[in-house]
Amino acid sequence: MSISSNAPDRASAPGTEPAAALAPRKPVPWGLYIAAAAMLAILALPQPEGLPVAGHRMLAILVFAVIVWISEAVSYEASAIMITSLMAALIGLAPKVDAPSTTYGTGAALGMALAGFSSTALALVGAALCIAAAMTITGLDRRIALVTLSTIGTTTRRILIGSIVVTVVLSLVVPSATARSACVVPIMMGVITAFGVDKRSNIAAGIMIMVAQATSVWNVGIQTAAAQNLLTVGFMDKLLGERVSWIQWLVAGAPWAVVMSIVLYFLVRWLLPPESESIAGGKEAVQRELAELGPMTGPQKRLAAVSIGLLLFWATEGKLHDIDTASITYVGLVILMLPRLGVMDWKTLQGRIPWGTLIVFGVGISLGTALLSTQAGQWLGRFVVAHSGLATQGTVMVFAILAAFLILIHLGFASATALTAALLPILISVLQTLPGDIHKVGMTMLLGFTVSFGFILPINAPQNMVCLGTETFNGKQFARVGVPVTVIGYLLMLLFAVTYWRWLGWT
């Protein structure tokens with residue numbers, strides 16, 4: 001029998017290895033070492049009074065997750081698998097909270113780690129990502145952006161205003177911040193090129209920073225605009241037994257987003273003054289791109305009809321019908337995937353979905369739920385309340401302190417979804433522990449607003465990084481606009497908390 005020439009030579013001389021084995025191995029990221037060491041250190045600490053063994057271990061897993069997410073030692077997808085495995089092992093061998101004589105068992109613990117994948121919030125995120133992909137597949141998002149710019153105009157002032165309007169319109173129909181920025185950025189770069197201005201000019205920098213910052217601003221205003229909002233609603237549902245509807249979120253968040261959009265416009269104009277107010281070529285470039293798209297296609301018309309229908313159903317939930325946001329979104333997705341009537345098939349769709357986002361989202365919900373089911377969240381909530389003085393503060397001051405904490409710690413996170421998964425369950429536990437009459441669902445929504453404060457560093461949000469990739473601005477320019485946006489946005493939230501949101505009954 002002959003041996004294939006492709007087979008490895010098992011009789012090779014000692015000391016020789018296949019070429020692949022000789023390739024240099026990447027060192028283990030330092031963040032992973034620190035995360036593992038911190039987890040082991042917490043596990044080695046004496047068990048605090050009132051904290052079950054399983055809760056003690058969940059806090060160790062939480063610290064591991066936070067450090068890995070902040071340091072980006074591994075991808076979010078890999079970290080999700082690590083967290084799932086740690087929960088299966090550490091919680092599986094821990095005594096049950098309600099029956100200390102028996103352990104959870106690794107199978108039950110793994111089920112706890114995967115429980116988030118049965119959440120309606122995860123289902124809504126999945127459907128939203130599919131609809132965002134449909135926008136890209138049909139080119140409807142690009143058409144909406146170009147038509148909006150064509151209508152508003154392409155002078156320097158109008159382009160800045162147009163970038164905000166495009167963001168608002170797309171936030172309503174494209175439920176992914178990254179997808180929205182990925183659509184708008186090439187169009188804006190085309191306009192910048194048509195202007196004939198330097199990529200490093202204030203005009204170019206202002207336009208791109210405006211796109212990134214306006215995307216974050218309207219993540220606050222529209223519930224379906226960002227994954228962290230849907231995760232917040234999922235935690236409300238699972239941990240508080242209530243949730244905020246799409247229209248309630250819009251009524252609460254949109255006025256703040258409108259005011260901040262105006263603030264953002266004037267800040268960009270002031271801090272990055274354009275070299276010229278009137279530059280020829282922009283309008284022609286937009287018209288040329290629109291002409292290249294041709295008339296609206298059948299798939300685009302059908303997708304537009306489904307998107308408008310979804311908006312109407314989202315906005316009238318609890319008023320004209322009782323169909324929840326996730327269920328009606330799935331109905332829209334089914335229509336979009338029907339033969340002949342739809343706009344895409346599964347083969348086209350599957351390569352455009354960021355499956356890692358769904359994995360992290362599901363594990364994030366599981367992590368938050370497990371923190372409470374093991375009593376870790378409640379214990380940590382009592383600890384924070386007892387040692388922070390929050391129990392003696394009024395509702396607005398509680399919001400001010402917790403919101404400031406979230407905004408500051410967001411500087412270390414590259415993902416608002418990861419930040420929400422790690423900290424929002426703890427903050428919900430804090431709210432549940434506080435004395436007095438605090439509207440817990442309303443306060444959770446308002447804290448969910450502050451999670452979208454990724455204004456200071458480009459690394460703090462994916463849309464920031466998409467815009468940074470155009471090389472039209474640097475981190476210093478981004479922070480020059482982002483710091484005042486953050487301060488003004490925070491103060492505006494406090495003002496809303498004592499006026500508008502109180503009138504609505506949320507504070």
# chains A, B, ... in the order shown; residues from 1 in each chain; ligands from 1

$ closest_atom_pairs --of "range 255-367 of chain A" --to "range 228-232 of chain A" --cutoff "10 Å" --atoms "only C-alpha atoms" --output "Markdown table"
| residue | atom | partner | partner_atom | distance |
| --- | --- | --- | --- | --- |
| A:Ala326 | CA | A:Leu230 | CA | 9.9 |
| A:Phe361 | CA | A:Leu231 | CA | 7.4 |
| A:Gly362 | CA | A:Leu231 | CA | 9.2 |
| A:Gly364 | CA | A:Leu231 | CA | 8.4 |
| A:Ile365 | CA | A:Leu231 | CA | 7.3 |

$ residues_around --residues "Phe64 in chain A" --least-positions-apart "3" --cutoff "9 Å" --atoms "only C-alpha atoms" --output "PyMOL selection string"
chain A and resi 32+34-39+59-61+67-69+83

$ write_last_selection --atoms "N, CA and C atoms" --output "PDB file, in the first residue's frame"
ATOM      1  N   LEU A  32      -5.938  38.476  30.889  1.00  0.00           N
ATOM      2  CA  LEU A  32      -6.451  37.167  31.268  1.00  0.00           C
ATOM      3  C   LEU A  32      -5.789  36.684  32.552  1.00  0.00           C
ATOM      4  N   ILE A  34      -4.588  38.641  34.927  1.00  0.00           N
ATOM      5  CA  ILE A  34      -5.124  39.470  36.019  1.00  0.00           C
ATOM      6  C   ILE A  34      -6.538  39.016  36.377  1.00  0.00           C
ATOM      7  N   ALA A  35      -7.357  38.730  35.361  1.00  0.00           N
ATOM      8  CA  ALA A  35      -8.728  38.287  35.610  1.00  0.00           C
ATOM      9  C   ALA A  35      -8.747  36.975  36.396  1.00  0.00           C
ATOM     10  N   ALA A  36      -7.908  36.030  35.983  1.00  0.00           N
ATOM     11  CA  ALA A  36      -7.854  34.739  36.685  1.00  0.00           C
ATOM     12  C   ALA A  36      -7.345  34.909  38.108  1.00  0.00           C
ATOM     13  N   ALA A  37      -6.319  35.762  38.280  1.00  0.00           N
ATOM     14  CA  ALA A  37      -5.763  35.981  39.623  1.00  0.00           C
ATOM     15  C   ALA A  37      -6.796  36.645  40.534  1.00  0.00           C
ATOM     16  N   ALA A  38      -7.526  37.622  39.997  1.00  0.00           N
ATOM     17  CA  ALA A  38      -8.546  38.307  40.799  1.00  0.00           C
ATOM     18  C   ALA A  38      -9.662  37.350  41.192  1.00  0.00           C
ATOM     19  N   MET A  39     -10.068  36.488  40.269  1.00  0.00           N
ATOM     20  CA  MET A  39     -11.115  35.513  40.573  1.00  0.00           C
ATOM     21  C   MET A  39     -10.665  34.559  41.675  1.00  0.00           C
ATOM     22  N   LEU A  59     -19.769  36.172  42.416  1.00  0.00           N
ATOM     23  CA  LEU A  59     -19.053  37.449  42.475  1.00  0.00           C
ATOM     24  C   LEU A  59     -17.652  37.304  41.895  1.00  0.00           C
ATOM     25  N   ALA A  60     -17.016  36.166  42.160  1.00  0.00           N
ATOM     26  CA  ALA A  60     -15.682  35.922  41.590  1.00  0.00           C
ATOM     27  C   ALA A  60     -15.760  35.847  40.068  1.00  0.00           C
ATOM     28  N   ILE A  61     -16.791  35.172  39.563  1.00  0.00           N
ATOM     29  CA  ILE A  61     -16.974  35.084  38.105  1.00  0.00           C
ATOM     30  C   ILE A  61     -17.264  36.465  37.521  1.00  0.00           C
ATOM     31  N   ILE A  67     -13.014  42.269  34.272  1.00  0.00           N
ATOM     32  CA  ILE A  67     -11.611  42.517  33.929  1.00  0.00           C
ATOM     33  C   ILE A  67     -11.320  42.083  32.494  1.00  0.00           C
ATOM     34  N   VAL A  68     -11.846  40.940  32.098  1.00  0.00           N
ATOM     35  CA  VAL A  68     -11.634  40.462  30.722  1.00  0.00           C
ATOM     36  C   VAL A  68     -12.270  41.420  29.724  1.00  0.00           C
ATOM     37  N   TRP A  69     -13.466  41.925  30.051  1.00  0.00           N
ATOM     38  CA  TRP A  69     -14.154  42.841  29.136  1.00  0.00           C
ATOM     39  C   TRP A  69     -13.444  44.191  29.056  1.00  0.00           C
ATOM     40  N   ILE A  83     -16.987  32.340  30.531  1.00  0.00           N
ATOM     41  CA  ILE A  83     -17.908  32.620  31.636  1.00  0.00           C
ATOM     42  C   ILE A  83     -18.895  31.469  31.800  1.00  0.00           C
TER      43      ILE A  83
END

$ residues_around --residues "range 131-143 of chain A" --least-positions-apart "3" --cutoff "9 Å" --atoms "only C-alpha atoms" --output "number ranges by chain"
A: 126-128, 146-148, 170, 173-176, 179-180, 183-184, 187, 290, 293, 296-297, 299-301, 303-304, 307, 329, 332-333, 336, 343-344, 348-349, 352-353

$ write_last_selection --atoms "C-alpha atoms" --output "compact mmCIF listing (two decimals), in the first residue's frame"
# COMPACT_ATOMS: atom_id res chain seq x y z
CA GLY A 126 -31.65 38.63 16.93
CA ALA A 127 -34.64 39.87 14.93
CA ALA A 128 -33.32 43.44 15.04
CA LEU A 146 -28.95 60.02 0.52
CA VAL A 147 -32.55 61.22 0.15
CA THR A 148 -32.33 62.93 3.55
CA LEU A 170 -32.08 55.47 10.55
CA VAL A 173 -35.65 51.67 11.18
CA VAL A 174 -32.11 50.24 11.61
CA PRO A 175 -31.88 48.68 15.07
CA SER A 176 -28.07 48.55 15.21
CA ALA A 179 -24.91 49.16 11.10
CA ARG A 180 -26.17 52.75 11.01
CA CYS A 183 -24.03 52.96 6.27
CA VAL A 184 -23.65 56.70 6.86
CA ILE A 187 -21.83 58.46 2.17
CA LEU A 290 -28.82 58.84 -5.88
CA LEU A 293 -29.08 53.88 -7.22
CA MET A 296 -36.68 52.42 -5.67
CA THR A 297 -36.64 48.64 -6.13
CA PRO A 299 -37.47 44.74 -2.22
CA GLN A 300 -36.79 48.26 -0.94
CA LYS A 301 -40.49 49.14 -1.16
CA LEU A 303 -38.86 46.49 3.37
CA ALA A 304 -39.98 50.11 3.78
CA SER A 307 -40.43 48.91 8.67
CA THR A 329 -40.68 42.20 15.22
CA GLY A 332 -42.01 41.45 10.36
CA LEU A 333 -38.95 39.22 10.02
CA LEU A 336 -39.15 39.64 5.01
CA VAL A 343 -36.39 40.51 0.48
CA MET A 344 -33.77 37.94 1.54
CA THR A 348 -27.82 35.58 2.15
CA LEU A 349 -28.66 36.60 5.71
CA ARG A 352 -24.28 39.29 7.65
CA ILE A 353 -25.34 38.60 11.24

$ residues_around --residues "Ile207 in chain A" --least-positions-apart "3" --cutoff "6 Å" --atoms "only C-alpha atoms" --output "VMD selection string"
chain A and resid 160 204 210

$ write_last_selection --atoms "C-alpha atoms" --output "PDB file, in the first residue's frame"
ATOM      1  CA  LEU A 160     -23.888  68.803  10.007  1.00  0.00           C
ATOM      2  CA  ALA A 204     -14.193  66.408   7.741  1.00  0.00           C
ATOM      3  CA  MET A 210     -21.060  64.361  14.545  1.00  0.00           C
TER       4      MET A 210
END

$ closest_residue --among "A:Gln375, A:Ser71, A:Gln47, A:Thr392" --to "Trp30 in chain A" --atoms "only C-alpha atoms"
A:Ser71

$ residues_around --residues "Tyr500 in chain A" --least-positions-apart "6" --cutoff "12 Å" --atoms "only C-alpha atoms" --output "list in words"
Val251, Ala252, Gly253, Ala254, Pro255, Trp256, Leu492, Met493, Leu494, Trp506 and Thr507 of chain A

$ write_last_selection --atoms "C-alpha atoms" --output "PDB file, in the first residue's frame"
ATOM      1  CA  VAL A 251     -41.500  59.764  25.188  1.00  0.00           C
ATOM      2  CA  ALA A 252     -38.957  59.743  28.005  1.00  0.00           C
ATOM      3  CA  GLY A 253     -35.718  59.670  25.995  1.00  0.00           C
ATOM      4  CA  ALA A 254     -36.406  61.502  22.731  1.00  0.00           C
ATOM      5  CA  PRO A 255     -36.759  65.032  24.229  1.00  0.00           C
ATOM      6  CA  TRP A 256     -33.361  64.655  25.902  1.00  0.00           C
ATOM      7  CA  LEU A 492     -29.385  67.783  31.428  1.00  0.00           C
ATOM      8  CA  MET A 493     -30.356  64.352  32.723  1.00  0.00           C
ATOM      9  CA  LEU A 494     -30.372  65.705  36.280  1.00  0.00           C
ATOM     10  CA  TRP A 506     -40.409  57.864  36.390  1.00  0.00           C
ATOM     11  CA  THR A 507     -38.551  59.520  39.321  1.00  0.00           C
TER      12      THR A 507
END

$ residues_around --residues "range 366-374 of chain A" --least-positions-apart "3" --cutoff "10 Å" --atoms "only C-alpha atoms" --output "JSON, numbers by chain"
{"A": [51, 52, 53, 54, 55, 56, 57, 58, 59, 61, 62, 65, 80, 83, 84, 87, 91, 96, 97, 98, 109, 111, 112, 113, 114, 115, 116, 117, 118, 119, 235, 238, 239, 360, 361, 362, 363, 377, 378, 379, 380, 420, 421, 422, 423, 424, 425, 426, 428, 429]}

$ write_last_selection --atoms "C-alpha atoms" --output "compact mmCIF listing (two decimals), in the first residue's frame"
# COMPACT_ATOMS: atom_id res chain seq x y z
CA LEU A 51 -23.60 35.43 51.25
CA PRO A 52 -24.18 31.82 50.07
CA VAL A 53 -21.30 29.82 48.63
CA ALA A 54 -22.83 30.00 45.15
CA GLY A 55 -23.19 33.78 45.48
CA HIS A 56 -19.56 34.08 46.59
CA ARG A 57 -18.48 32.19 43.51
CA MET A 58 -20.73 34.25 41.22
CA LEU A 59 -19.05 37.45 42.47
CA ILE A 61 -16.97 35.08 38.10
CA LEU A 62 -18.36 38.63 37.76
CA ALA A 65 -15.84 38.93 33.40
CA ALA A 80 -18.73 34.41 26.87
CA ILE A 83 -17.91 32.62 31.64
CA THR A 84 -20.32 29.82 30.73
CA MET A 87 -20.46 28.97 35.89
CA ILE A 91 -21.74 26.91 40.57
CA LYS A 96 -27.93 25.17 46.47
CA VAL A 97 -29.08 28.39 48.08
CA ASP A 98 -32.44 26.91 49.09
CA ALA A 109 -25.46 25.12 36.44
CA GLY A 111 -28.52 25.44 32.17
CA MET A 112 -28.34 28.50 34.42
CA ALA A 113 -25.44 29.82 32.32
CA LEU A 114 -27.47 29.33 29.13
CA ALA A 115 -30.81 30.57 30.49
CA GLY A 116 -30.35 33.94 28.83
CA PHE A 117 -30.70 32.34 25.41
CA SER A 118 -34.40 31.75 26.10
CA SER A 119 -34.99 35.44 26.84
CA PHE A 235 -33.36 42.81 32.88
CA LYS A 238 -36.64 39.20 34.39
CA LEU A 239 -35.61 40.97 37.60
CA VAL A 360 -22.45 37.81 24.46
CA PHE A 361 -26.00 39.11 24.87
CA GLY A 362 -27.35 35.72 25.97
CA VAL A 363 -24.51 35.08 28.41
CA GLY A 377 -26.70 40.61 43.66
CA GLN A 378 -28.85 41.13 46.73
CA TRP A 379 -25.84 40.81 49.04
CA LEU A 380 -23.82 43.26 46.96
CA THR A 420 -24.97 46.66 30.99
CA ALA A 421 -24.55 42.92 31.50
CA ALA A 422 -21.94 43.40 34.22
CA LEU A 423 -23.39 46.22 36.28
CA LEU A 424 -27.10 46.81 35.68
CA PRO A 425 -28.25 43.73 37.68
CA ILE A 426 -26.16 44.99 40.60
CA ILE A 428 -31.16 46.96 40.19
CA SER A 429 -30.34 45.09 43.42

$ select_by_dssp --residues "range 32-213 of chain A" --states "alpha helix (DSSP H)" --output "MDAnalysis selection string"
chainID A and resid 32:44 53:71 76:86 106:113 120:138 140:152 156:173 177:195 202:213

$ write_last_selection --atoms "C-alpha atoms" --output "short mmCIF file (atom, residue, chain, number, x, y, z; two decimals), in the first residue's frame"
data_model
loop_
_atom_site.label_atom_id
_atom_site.label_comp_id
_atom_site.auth_asym_id
_atom_site.auth_seq_id
_atom_site.Cartn_x
_atom_site.Cartn_y
_atom_site.Cartn_z
CA LEU A 32 -6.45 37.17 31.27
CA TYR A 33 -3.77 36.59 33.93
CA ILE A 34 -5.12 39.47 36.02
CA ALA A 35 -8.73 38.29 35.61
CA ALA A 36 -7.85 34.74 36.68
CA ALA A 37 -5.76 35.98 39.62
CA ALA A 38 -8.55 38.31 40.80
CA MET A 39 -11.11 35.51 40.57
CA LEU A 40 -8.91 33.13 42.58
CA ALA A 41 -8.20 35.84 45.16
CA ILE A 42 -11.94 36.42 45.73
CA LEU A 43 -12.56 32.68 45.98
CA ALA A 44 -9.78 32.47 48.59
CA VAL A 53 -21.30 29.82 48.63
CA ALA A 54 -22.83 30.00 45.15
CA GLY A 55 -23.19 33.78 45.48
CA HIS A 56 -19.56 34.08 46.59
CA ARG A 57 -18.48 32.19 43.51
CA MET A 58 -20.73 34.25 41.22
CA LEU A 59 -19.05 37.45 42.47
CA ALA A 60 -15.68 35.92 41.59
CA ILE A 61 -16.97 35.08 38.10
CA LEU A 62 -18.36 38.63 37.76
CA VAL A 63 -14.96 40.14 38.60
CA PHE A 64 -13.33 37.82 36.06
CA ALA A 65 -15.84 38.93 33.40
CA VAL A 66 -15.42 42.65 34.12
CA ILE A 67 -11.61 42.52 33.93
CA VAL A 68 -11.63 40.46 30.72
CA TRP A 69 -14.15 42.84 29.14
CA ILE A 70 -12.31 46.00 30.20
CA SER A 71 -8.87 44.72 29.15
CA TYR A 76 -16.21 38.97 23.65
CA GLU A 77 -17.31 35.69 22.10
CA ALA A 78 -14.43 33.79 23.72
CA SER A 79 -15.09 35.49 27.06
CA ALA A 80 -18.73 34.41 26.87
CA ILE A 81 -17.67 30.76 26.48
CA MET A 82 -15.22 31.12 29.39
CA ILE A 83 -17.91 32.62 31.64
CA THR A 84 -20.32 29.82 30.73
CA SER A 85 -17.70 27.18 31.57
CA LEU A 86 -16.80 28.84 34.88
CA THR A 106 -22.90 20.87 36.55
CA GLY A 107 -25.83 20.18 34.23
CA ALA A 108 -28.18 22.49 36.13
CA ALA A 109 -25.46 25.12 36.44
CA LEU A 110 -24.79 24.98 32.70
CA GLY A 111 -28.52 25.44 32.17
CA MET A 112 -28.34 28.50 34.42
CA ALA A 113 -25.44 29.82 32.32
CA THR A 120 -37.38 37.45 24.68
CA ALA A 121 -34.82 40.27 24.83
CA LEU A 122 -32.31 38.02 23.04
CA ALA A 123 -34.98 37.11 20.49
CA LEU A 124 -35.63 40.80 19.86
CA VAL A 125 -31.91 41.50 19.39
CA GLY A 126 -31.65 38.63 16.93
CA ALA A 127 -34.64 39.87 14.93
CA ALA A 128 -33.32 43.44 15.04
CA LEU A 129 -29.95 42.34 13.66
CA CYS A 130 -31.74 40.50 10.84
CA ILE A 131 -33.72 43.63 9.93
CA ALA A 132 -30.52 45.71 10.04
CA ALA A 133 -28.97 43.19 7.65
CA ALA A 134 -32.03 43.46 5.38
CA MET A 135 -31.48 47.22 5.20
CA THR A 136 -27.93 46.63 4.00
CA ILE A 137 -28.87 43.83 1.59
CA THR A 138 -31.54 45.91 -0.15
CA LEU A 140 -32.64 50.92 1.71
CA ASP A 141 -30.53 52.42 4.50
CA ARG A 142 -28.22 54.06 1.95
CA ARG A 143 -31.18 55.39 -0.03
CA ILE A 144 -32.76 56.88 3.11
CA ALA A 145 -29.50 58.59 4.02
CA LEU A 146 -28.95 60.02 0.52
CA VAL A 147 -32.55 61.22 0.15
CA THR A 148 -32.33 62.93 3.55
CA LEU A 149 -29.07 64.68 2.64
CA SER A 150 -30.44 65.67 -0.74
CA THR A 151 -33.50 67.22 0.89
CA ILE A 152 -31.62 69.13 3.59
CA THR A 156 -21.28 72.90 5.70
CA ARG A 157 -24.04 73.87 8.12
CA ARG A 158 -26.64 71.72 6.40
CA ILE A 159 -24.34 68.70 6.21
CA LEU A 160 -23.89 68.80 10.01
CA ILE A 161 -27.64 69.12 10.50
CA GLY A 162 -28.20 66.45 7.86
CA SER A 163 -25.91 63.99 9.63
CA ILE A 164 -28.09 64.31 12.75
CA VAL A 165 -31.35 63.96 10.80
CA VAL A 166 -30.01 60.91 8.95
CA THR A 167 -29.05 59.38 12.30
CA VAL A 168 -32.53 60.00 13.74
CA VAL A 169 -34.32 58.54 10.73
CA LEU A 170 -32.08 55.47 10.55
CA SER A 171 -32.34 54.97 14.35
CA LEU A 172 -36.04 54.37 13.84
CA VAL A 173 -35.65 51.67 11.18
CA ALA A 177 -25.78 51.49 16.00
CA THR A 178 -22.84 49.86 14.22
CA ALA A 179 -24.91 49.16 11.10
CA ARG A 180 -26.17 52.75 11.01
CA SER A 181 -22.71 54.27 11.23
CA ALA A 182 -21.35 51.76 8.70
CA CYS A 183 -24.03 52.96 6.27
CA VAL A 184 -23.65 56.70 6.86
CA VAL A 185 -19.83 56.88 6.97
CA PRO A 186 -19.18 55.95 3.29
CA ILE A 187 -21.83 58.46 2.17
CA MET A 188 -20.30 61.23 4.27
CA MET A 189 -16.83 60.34 3.02
CA GLY A 190 -18.14 60.66 -0.52
CA VAL A 191 -19.45 64.12 0.28
CA ILE A 192 -16.13 65.09 1.89
CA THR A 193 -14.29 63.88 -1.20
CA ALA A 194 -16.65 65.85 -3.44
CA PHE A 195 -15.97 68.96 -1.38
CA ASN A 202 -12.12 70.60 10.65
CA ILE A 203 -14.96 70.10 8.17
CA ALA A 204 -14.19 66.41 7.74
CA ALA A 205 -13.48 65.90 11.45
CA GLY A 206 -16.69 67.68 12.45
CA ILE A 207 -18.85 65.63 10.11
CA MET A 208 -17.46 62.29 11.27
CA ILE A 209 -17.48 63.16 14.98
CA MET A 210 -21.06 64.36 14.55
CA VAL A 211 -22.06 61.00 13.04
CA ALA A 212 -20.49 59.05 15.92
CA GLN A 213 -21.78 61.27 18.73
#

$ closest_residue --among "A:Thr224, A:Lys319, A:Val396, A:Leu93" --to "Thr499 in chain A" --atoms "only C-alpha atoms"
A:Val396

$ atom_distance --atom1 "CA of Arg302 in chain A" --atom2 "CA of Leu341 in chain A"
7.8 Å

$ residues_around --residues "Val441 in chain A" --least-positions-apart "3" --cutoff "7 Å" --atoms "only C-alpha atoms" --output "list in words"
Met236, Glu242, Arg243, Thr444 and Met445 of chain A
